[in-house]
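target-v5.pdb (PDB, C-alpha atoms)
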ATOM      1  CA  MET A 221     -17.651 -12.730  16.401
ATOM      2  CA  ALA A 222     -19.429  -9.640  15.073
ATOM      3  CA  GLN A 223     -18.128  -7.571  17.978
ATOM      4  CA  ALA A 224     -14.566  -8.745  17.322
ATOM      5  CA  VAL A 225     -14.825  -7.726  13.655
ATOM      6  CA  GLU A 226     -16.252  -4.363  14.669
ATOM      7  CA  GLU A 227     -13.387  -3.741  17.088
ATOM      8  CA  TRP A 228     -10.844  -4.791  14.462
ATOM      9  CA  TYR A 229     -12.411  -2.390  11.973
ATOM     10  CA  LYS A 230     -12.544   0.523  14.423
ATOM     11  CA  GLN A 231      -8.897   0.052  15.411
ATOM     12  CA  MET A 232      -7.714   0.535  11.828
ATOM     13  CA  PRO A 233      -5.987   3.856  11.115
ATOM     14  CA  ILE A 234      -8.051   6.329   9.140
ATOM     15  CA  ILE A 235      -6.502   5.970   5.667
ATOM     16  CA  THR A 236      -6.474   2.179   5.759
ATOM     17  CA  ARG A 237     -10.047   2.064   7.025
ATOM     18  CA  SER A 238     -11.261   4.546   4.427
ATOM     19  CA  TYR A 239      -9.570   2.815   1.485
ATOM     20  CA  LEU A 240     -10.660  -0.663   2.586
ATOM     21  CA  THR A 241     -14.245   0.512   3.046
ATOM     22  CA  ALA A 242     -14.360   2.224  -0.350
ATOM     23  CA  ALA A 243     -12.854  -0.816  -2.083
ATOM     24  CA  VAL A 244     -15.261  -3.298  -0.473
ATOM     25  CA  VAL A 245     -18.327  -1.108  -1.058
ATOM     26  CA  THR A 246     -17.382  -0.488  -4.697
ATOM     27  CA  THR A 247     -16.593  -4.131  -5.476
ATOM     28  CA  VAL A 248     -19.699  -5.446  -3.714
ATOM     29  CA  GLY A 249     -21.811  -2.792  -5.402
ATOM     30  CA  CYS A 250     -20.560  -3.918  -8.800
ATOM     31  CA  SER A 251     -21.150  -7.585  -7.936
ATOM     32  CA  LEU A 252     -24.746  -6.760  -7.006
ATOM     33  CA  GLU A 253     -25.073  -4.685 -10.199
ATOM     34  CA  ILE A 254     -25.822  -1.567  -8.195
ATOM     35  CA  ILE A 255     -22.784   0.099  -9.739
ATOM     36  CA  SER A 256     -21.589  -0.477 -13.281
ATOM     37  CA  PRO A 257     -17.840  -1.121 -13.775
ATOM     38  CA  TYR A 258     -18.177   0.708 -17.098
ATOM     39  CA  ASN A 259     -18.554   3.908 -15.104
ATOM     40  CA  LEU A 260     -15.410   3.219 -13.084
ATOM     41  CA  TYR A 261     -12.647   2.015 -15.398
ATOM     42  CA  LEU A 262      -9.754   4.200 -16.532
ATOM     43  CA  ASN A 263     -10.494   5.716 -19.931
ATOM     44  CA  PRO A 264      -8.243   8.651 -20.873
ATOM     45  CA  THR A 265     -10.535   9.709 -23.709
ATOM     46  CA  LEU A 266     -13.570  10.006 -21.444
ATOM     47  CA  VAL A 267     -11.503  11.782 -18.790
ATOM     48  CA  VAL A 268     -10.184  14.422 -21.187
ATOM     49  CA  LYS A 269     -13.051  14.906 -23.611
ATOM     50  CA  GLN A 270     -16.048  14.311 -21.364
ATOM     51  CA  TYR A 271     -14.476  15.496 -18.096
ATOM     52  CA  GLN A 272     -15.176  12.243 -16.274
ATOM     53  CA  PHE A 273     -12.404  12.912 -13.770
ATOM     54  CA  TRP A 274     -13.798  10.487 -11.210
ATOM     55  CA  ARG A 275     -12.346   7.643 -13.281
ATOM     56  CA  LEU A 276      -8.881   8.685 -12.108
ATOM     57  CA  VAL A 277      -9.979   7.618  -8.617
ATOM     58  CA  THR A 278     -12.587   4.903  -9.096
ATOM     59  CA  ASN A 279     -10.286   2.639 -11.097
ATOM     60  CA  PHE A 280      -8.303   2.177  -7.868
ATOM     61  CA  LEU A 281     -11.385   1.056  -5.918
ATOM     62  CA  TYR A 282     -12.735  -1.812  -8.004
ATOM     63  CA  PHE A 283     -11.077  -5.223  -7.521
ATOM     64  CA  ARG A 284     -12.953  -7.103 -10.220
ATOM     65  CA  LYS A 285     -15.182 -10.000  -9.273
ATOM     66  CA  MET A 286     -15.443 -11.287  -5.718
ATOM     67  CA  ASP A 287     -13.339 -14.431  -5.826
ATOM     68  CA  LEU A 288     -10.201 -15.812  -4.201
ATOM     69  CA  ASP A 289      -8.083 -13.144  -5.874
ATOM     70  CA  PHE A 290     -10.324 -10.467  -4.349
ATOM     71  CA  LEU A 291      -9.900 -11.982  -0.878
ATOM     72  CA  PHE A 292      -6.122 -12.103  -1.307
ATOM     73  CA  HIS A 293      -5.945  -8.430  -2.258
ATOM     74  CA  MET A 294      -8.287  -7.408   0.563
ATOM     75  CA  PHE A 295      -5.960  -9.253   2.929
ATOM     76  CA  PHE A 296      -2.918  -7.488   1.478
ATOM     77  CA  LEU A 297      -4.702  -4.141   1.659
ATOM     78  CA  ALA A 298      -5.884  -4.601   5.239
ATOM     79  CA  ARG A 299      -2.552  -5.976   6.450
ATOM     80  CA  TYR A 300       0.206  -4.062   4.696
ATOM     81  CA  CYS A 301      -1.608  -0.753   4.380
ATOM     82  CA  LYS A 302      -2.305  -0.954   8.115
ATOM     83  CA  LEU A 303       1.270  -1.936   8.954
ATOM     84  CA  LEU A 304       2.674   0.973   6.956
ATOM     85  CA  GLU A 305       0.297   3.528   8.414
ATOM     86  CA  GLU A 306       0.761   2.329  12.002
ATOM     87  CA  ASN A 307       4.530   1.841  11.917
ATOM     88  CA  SER A 308       6.531   3.475   9.130
ATOM     89  CA  PHE A 309       4.090   6.403   8.900
ATOM     90  CA  ARG A 310       3.024   6.554  12.514
ATOM     91  CA  GLY A 311       2.073  10.145  13.307
ATOM     92  CA  LYS A 312       2.510  11.003   9.600
ATOM     93  CA  THR A 313      -0.961  10.472   8.162
ATOM     94  CA  ALA A 314      -0.515  13.207   5.550
ATOM     95  CA  ASP A 315       2.750  11.635   4.366
ATOM     96  CA  PHE A 316       1.052   8.259   4.033
ATOM     97  CA  LEU A 317      -1.796   9.715   1.982
ATOM     98  CA  TYR A 318       0.769  11.498  -0.169
ATOM     99  CA  MET A 319       2.504   8.152  -0.785
ATOM    100  CA  LEU A 320      -0.771   6.683  -2.079
ATOM    101  CA  LEU A 321      -1.412   9.731  -4.269
ATOM    102  CA  PHE A 322       2.134   9.527  -5.632
ATOM    103  CA  GLY A 323       1.710   5.831  -6.390
ATOM    104  CA  ALA A 324      -1.644   6.394  -8.074
ATOM    105  CA  THR A 325      -0.148   9.176 -10.211
ATOM    106  CA  VAL A 326       2.852   7.074 -11.249
ATOM    107  CA  LEU A 327       0.671   4.085 -12.135
ATOM    108  CA  THR A 328      -1.722   6.227 -14.159
ATOM    109  CA  GLY A 329       1.202   7.869 -15.954
ATOM    110  CA  ILE A 330       2.779   4.508 -16.803
ATOM    111  CA  VAL A 331      -0.461   3.229 -18.319
ATOM    112  CA  LEU A 332      -1.037   6.421 -20.322
ATOM    113  CA  ILE A 333       2.527   6.561 -21.653
ATOM    114  CA  GLY A 334       2.616   2.822 -22.294
ATOM    115  CA  GLY A 335      -0.537   3.136 -24.354
ATOM    116  CA  MET A 336       1.326   5.430 -26.750
ATOM    117  CA  ILE A 337       4.294   3.104 -27.336
ATOM    118  CA  PRO A 338       4.099   0.837 -30.387
ATOM    119  CA  TYR A 339       4.018  -2.913 -29.672
ATOM    120  CA  LEU A 340       3.157  -2.170 -26.030
ATOM    121  CA  SER A 341      -0.011  -0.174 -26.532
ATOM    122  CA  VAL A 342      -2.167  -3.300 -26.888
ATOM    123  CA  SER A 343      -0.990  -4.685 -23.545
ATOM    124  CA  PHE A 344      -1.399  -1.381 -21.714
ATOM    125  CA  SER A 345      -4.828  -0.752 -23.219
ATOM    126  CA  LYS A 346      -6.062  -3.834 -21.357
ATOM    127  CA  ILE A 347      -5.103  -2.328 -17.989
ATOM    128  CA  ILE A 348      -8.228  -0.419 -17.036
ATOM    129  CA  PHE A 349      -8.219  -0.983 -13.270
ATOM    130  CA  LEU A 350      -5.146  -0.237 -11.133
ATOM    131  CA  SER A 351      -6.444  -1.288  -7.715
ATOM    132  CA  ASN A 352      -4.288  -4.438  -7.631
ATOM    133  CA  SER A 353      -1.233  -2.412  -8.630
ATOM    134  CA  LEU A 354      -1.693   0.138  -5.842
ATOM    135  CA  THR A 355      -2.116  -2.640  -3.294
ATOM    136  CA  PHE A 356       1.035  -4.334  -4.565
ATOM    137  CA  MET A 357       2.882  -1.038  -4.289
ATOM    138  CA  MET A 358       2.160  -0.973  -0.553
ATOM    139  CA  VAL A 359       3.412  -4.543  -0.223
ATOM    140  CA  TYR A 360       6.621  -3.541  -1.997
ATOM    141  CA  VAL A 361       7.261  -0.469   0.166
ATOM    142  CA  TRP A 362       6.613  -2.477   3.343
ATOM    143  CA  SER A 363       9.017  -5.203   2.222
ATOM    144  CA  LYS A 364      11.766  -2.655   1.535
ATOM    145  CA  GLN A 365      11.375  -1.158   4.999
ATOM    146  CA  ASN A 366      11.241  -4.542   6.748
ATOM    147  CA  PRO A 367      13.641  -6.656   4.672
ATOM    148  CA  TYR A 368      14.802  -9.018   7.422
ATOM    149  CA  ILE A 369      11.455 -10.252   8.727
ATOM    150  CA  HIS A 370      11.105 -14.005   8.187
ATOM    151  CA  MET A 371       7.971 -15.140   6.384
ATOM    152  CA  SER A 372       6.438 -18.372   5.163
ATOM    153  CA  PHE A 373       4.553 -18.954   1.929
ATOM    154  CA  LEU A 374       1.665 -21.377   2.466
ATOM    155  CA  GLY A 375       3.915 -23.337   4.775
ATOM    156  CA  LEU A 376       5.965 -24.544   1.792
ATOM    157  CA  PHE A 377       9.127 -22.495   2.260
ATOM    158  CA  THR A 378      10.435 -19.570   4.253
ATOM    159  CA  PHE A 379      12.030 -16.363   3.047
ATOM    160  CA  THR A 380      12.751 -12.842   4.217
ATOM    161  CA  ALA A 381      10.325  -9.994   3.563
ATOM    162  CA  ALA A 382      12.689  -8.442   1.012
ATOM    163  CA  TYR A 383      11.639 -11.186  -1.416
ATOM    164  CA  LEU A 384       7.899 -11.002  -0.690
ATOM    165  CA  PRO A 385       6.960  -9.038  -3.856
ATOM    166  CA  TRP A 386       8.889 -11.469  -6.036
ATOM    167  CA  VAL A 387       7.295 -14.481  -4.361
ATOM    168  CA  LEU A 388       3.819 -13.056  -4.917
ATOM    169  CA  LEU A 389       4.696 -12.115  -8.485
ATOM    170  CA  GLY A 390       5.879 -15.667  -9.154
ATOM    171  CA  PHE A 391       2.722 -17.061  -7.593
ATOM    172  CA  SER A 392       0.568 -14.911  -9.895
ATOM    173  CA  ILE A 393       2.430 -16.257 -12.920
ATOM    174  CA  LEU A 394       2.181 -19.814 -11.599
ATOM    175  CA  VAL A 395      -1.615 -19.722 -11.254
ATOM    176  CA  GLY A 396      -1.995 -18.164 -14.695
ATOM    177  CA  ALA A 397      -3.029 -14.689 -13.545
ATOM    178  CA  SER A 398      -1.788 -11.566 -15.281
ATOM    179  CA  ALA A 399       1.361 -10.317 -13.586
ATOM    180  CA  TRP A 400       1.301  -6.928 -15.308
ATOM    181  CA  GLY A 401      -0.581  -5.241 -12.499
ATOM    182  CA  ASP A 402       1.719  -6.606  -9.818
ATOM    183  CA  PHE A 403       4.813  -5.627 -11.792
ATOM    184  CA  LEU A 404       3.545  -2.067 -12.256
ATOM    185  CA  GLY A 405       2.952  -1.902  -8.511
ATOM    186  CA  MET A 406       6.571  -2.891  -7.934
ATOM    187  CA  ILE A 407       7.745  -0.128 -10.279
ATOM    188  CA  ALA A 408       5.650   2.496  -8.489
ATOM    189  CA  GLY A 409       6.739   1.197  -5.091
ATOM    190  CA  HIS A 410      10.409   1.273  -6.032
ATOM    191  CA  ALA A 411      10.073   4.803  -7.414
ATOM    192  CA  TYR A 412       8.554   5.997  -4.146
ATOM    193  CA  TYR A 413      11.034   4.142  -1.920
ATOM    194  CA  PHE A 414      14.003   5.510  -3.851
ATOM    195  CA  LEU A 415      12.793   9.114  -3.898
ATOM    196  CA  ALA A 416      11.506   9.114  -0.308
ATOM    197  CA  PHE A 417      14.227   7.146   1.494
ATOM    198  CA  VAL A 418      17.285   6.354  -0.650
ATOM    199  CA  TYR A 419      17.830   9.593  -2.580
ATOM    200  CA  PRO A 420      17.568  11.854   0.515
ATOM    201  CA  ARG A 421      20.286   9.815   2.243
ATOM    202  CA  MET A 422      22.508  10.155  -0.803
ATOM    203  CA  THR A 423      22.070  13.889  -1.428
ATOM    204  CA  ASP A 424      20.417  15.392   1.681
ATOM    205  CA  ARG A 425      17.584  16.489  -0.595
ATOM    206  CA  ARG A 426      13.939  15.463  -0.411
ATOM    207  CA  PRO A 427      12.220  15.543  -3.808
ATOM    208  CA  LEU A 428       8.991  14.198  -2.290
ATOM    209  CA  LYS A 429       7.664  16.742   0.169
ATOM    210  CA  THR A 430       4.114  16.406   1.388
ATOM    211  CA  PRO A 431       2.106  19.473   0.259
ATOM    212  CA  PHE A 432       0.968  21.834   2.966
ATOM    213  CA  PHE A 433      -2.724  21.412   2.154
ATOM    214  CA  LEU A 434      -2.448  17.689   2.924
ATOM    215  CA  LYS A 435      -0.695  18.361   6.215
ATOM    216  CA  ALA A 436      -3.443  20.834   7.065
ATOM    217  CA  LEU A 437      -6.023  18.059   6.704
ATOM    218  CA  PHE A 438      -4.423  15.913   9.378
ATOM    219  CA  ALA A 439      -3.121  17.032  12.724
ATOM    220  CA  ASP A 440      -0.108  14.769  12.818
ATOM    221  CA  GLU A 441       0.645  13.972  16.410
ATOM    222  CA  PRO A 442       4.234  13.421  17.509
ATOM    223  CA  VAL A 443       5.041   9.886  18.577
ATOM    224  CA  VAL A 444       5.761   9.940  22.288
ATOM    225  CA  ILE A 445       6.887   6.921  24.244
ATOM    226  CA  ALA A 446       5.557   7.335  27.738
ATOM    227  CA  ARG A 447       7.807   6.396  30.611
ATOM    228  CA  PRO A 448       6.039   5.130  33.721
ATOM    229  CA  GLU A 449       6.483   7.349  36.750
ATOM    230  CA  ASP A 450       7.821   6.263  40.097
ATOM    231  CA  VAL A 451       9.384   3.111  38.697
ATOM    232  CA  ARG A 452      12.507   1.983  40.508
ATOM    233  CA  PHE A 453      14.753  -0.823  39.457
ATOM    234  CA  ALA A 454      16.174  -3.084  42.107
ATOM    235  CA  HIS A 455      19.929  -3.302  42.441
ATOM    236  CA  ALA A 456      21.579  -6.551  41.497
ATOM    237  CA  PRO A 457      22.394  -8.827  44.432
ATOM    238  CA  PHE A 458      25.797  -8.275  45.941
ATOM    239  CA  ASP A 459      26.912 -11.828  45.227
ATOM    240  CA  GLU A 460      25.980 -11.503  41.516
ATOM    241  CA  ILE A 461      27.987  -8.286  41.138
ATOM    242  CA  HIS A 462      31.129  -9.859  42.541
ATOM    243  CA  GLN A 463      30.615 -13.261  40.974
ATOM    244  CA  ASP A 464      33.723 -14.566  39.188
TER     245      ASP A 464
END
Conversion result in structure tokens:
Amino acid sequence: MAQAVEEWYKQMPIITRSYLTAAVVTTVGCSLEIISPYNLYLNPTLVVKQYQFWRLVTNFLYFRKMDLDFLFHMFFLARYCKLLEENSFRGKTADFLYMLLFGATVLTGIVLIGGMIPYLSVSFSKIIFLSNSLTFMMVYVWSKQNPYIHMSFLGLFTFTAAYLPWVLLGFSILVGASAWGDFLGMIAGHAYYFLAFVYPRMTDRRPLKTPFFLKALFADEPVVIARPEDVRFAHAPFDEIHQD
């Protein structure tokens, strides 16, 4: 069992493995009171006035207490982050990291701007951790790129992947959890999908270009489909070719 888990962990692509590891270590550390969540949450005042810039990153690593909700989000992170990095962003590690950085920036911007709007500032001031939102963003982007895959929700009903974010959003509301984080993730995911995939097809312009310094960090390898050598295909039988 332990060996199987180790192999599963080692086979994860680098960004997924790094993010999953950081999230688990941070959340477990807080649960064991080794790390204080008060040193991790997003606080614009502390970031600007006391230069605690690490909060811009650490608020995406803490998934609150270790309960069923934590397990669900770890599953979403391990599954959909891995699927995106291995398929849609295969050979494009820098682009995948840029997607996460874009999503984190959009989510942070939404919370900061929302905190300045009357009547909404109270709601946005309660959003101090955006880890769930970033995970939900990845779910949204994956669903937009794989809209026709059939899925089942707890064996109760089936649907296509295009509706996965809405199903999960409805489930959060049904169990009484706050849906704000999930909804913000959908906004960030839609912003990225539109700018990265829809807008370029409409205008032949790419507003989201991965910076060179990120590409320099990863040697993106071209995806090559190997064709076996010395493989010959047998001809169809004569009677099948001339069959009426």
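Counting only C-alpha atoms and comparing A:Lys230, A:Arg421, A:Arg275, A:Arg310, the residue that lies closest to A:Ile348 is A:Arg275.
The smallest atom-to-atom distance between A:Asn307 and any of A:Thr241, A:Ser251, A:Asn366, A:Thr328, using all atoms listed in the file, is found for A:Asn366.
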Which residues are close to A:Ala416, i.e. within 9 Å by only C-alpha atoms, leaving aside same-chain residues fewer than 4 positions away? Reply as number ranges by chain.
A: 411-412, 420, 426-429
Excluding A:Asn352 and residues on its chain fewer than 6 positions from it, collect all residues at most 12 Å away from it, counting all atoms listed in the file, and give them as an mmCIF file with C-alpha atoms, in the frame of the given file.
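Listed below is the output, selection_5.cif:
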data_model
loop_
_atom_site.group_PDB
_atom_site.id
_atom_site.type_symbol
_atom_site.label_atom_id
_atom_site.label_comp_id
_atom_site.auth_asym_id
_atom_site.auth_seq_id
_atom_site.Cartn_x
_atom_site.Cartn_y
_atom_site.Cartn_z
ATOM 1 C CA ALA A 243 -12.854 -0.816 -2.083
ATOM 2 C CA ASN A 279 -10.286 2.639 -11.097
ATOM 3 C CA PHE A 280 -8.303 2.177 -7.868
ATOM 4 C CA LEU A 281 -11.385 1.056 -5.918
ATOM 5 C CA TYR A 282 -12.735 -1.812 -8.004
ATOM 6 C CA PHE A 283 -11.077 -5.223 -7.521
ATOM 7 C CA ARG A 284 -12.953 -7.103 -10.220
ATOM 8 C CA ASP A 289 -8.083 -13.144 -5.874
ATOM 9 C CA PHE A 290 -10.324 -10.467 -4.349
ATOM 10 C CA LEU A 291 -9.900 -11.982 -0.878
ATOM 11 C CA PHE A 292 -6.122 -12.103 -1.307
ATOM 12 C CA HIS A 293 -5.945 -8.430 -2.258
ATOM 13 C CA MET A 294 -8.287 -7.408 0.563
ATOM 14 C CA PHE A 295 -5.960 -9.253 2.929
ATOM 15 C CA PHE A 296 -2.918 -7.488 1.478
ATOM 16 C CA LEU A 297 -4.702 -4.141 1.659
ATOM 17 C CA GLY A 323 1.710 5.831 -6.390
ATOM 18 C CA ALA A 324 -1.644 6.394 -8.074
ATOM 19 C CA LEU A 327 0.671 4.085 -12.135
ATOM 20 C CA MET A 358 2.160 -0.973 -0.553
ATOM 21 C CA VAL A 359 3.412 -4.543 -0.223
ATOM 22 C CA LEU A 389 4.696 -12.115 -8.485
ATOM 23 C CA SER A 392 0.568 -14.911 -9.895
ATOM 24 C CA ALA A 397 -3.029 -14.689 -13.545
ATOM 25 C CA SER A 398 -1.788 -11.566 -15.281
ATOM 26 C CA ALA A 399 1.361 -10.317 -13.586
ATOM 27 C CA TRP A 400 1.301 -6.928 -15.308
ATOM 28 C CA GLY A 401 -0.581 -5.241 -12.499
ATOM 29 C CA ASP A 402 1.719 -6.606 -9.818
ATOM 30 C CA PHE A 403 4.813 -5.627 -11.792
ATOM 31 C CA LEU A 404 3.545 -2.067 -12.256
ATOM 32 C CA GLY A 405 2.952 -1.902 -8.511
ATOM 33 C CA MET A 406 6.571 -2.891 -7.934
#
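Separating atom CA of A:Asp424 from atom CA of A:Cys301 is a distance of 27.4 Å.
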Could you tell me how far atom CA of A:Asp287 sits from atom CA of A:Cys250, in Å to one decimal place?
13.1 Å
Work out how far apart atom CA of A:Ile330 and atom CA of A:Phe344 are and give it in Å to one decimal.
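For atom CA of A:Ile330 relative to atom CA of A:Phe344, the distance reads 8.7 Å.
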Taking (10.6, -15.5, 4.6) as a centre in this file's frame and 7 Å as the limit, can you find every polymer residue with an atom that close, using only C-alpha atoms, and give them as a PyMOL selection string?
chain A and resi 369-372+378-381
Explicit residue set for the PyMOL selection byres ((chain A and resi 314) around 9), as a PyMOL selection string:
chain A and resi 309+311-313+315-319+430-431+434-440
Point out the residue among A:Gln223, A:Ser343, A:Ser363, A:Thr246 with the least atom-to-atom distance to A:Tyr300, counting all atoms listed in the file.
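Result for the nearest residue to A:Tyr300: A:Ser363.
Among A:Lys285, A:Gly390, A:Gly375, A:Ala382, the residue with the shortest atom-to-atom distance to A:Glu253, counting all atoms listed in the file, is A:Lys285.
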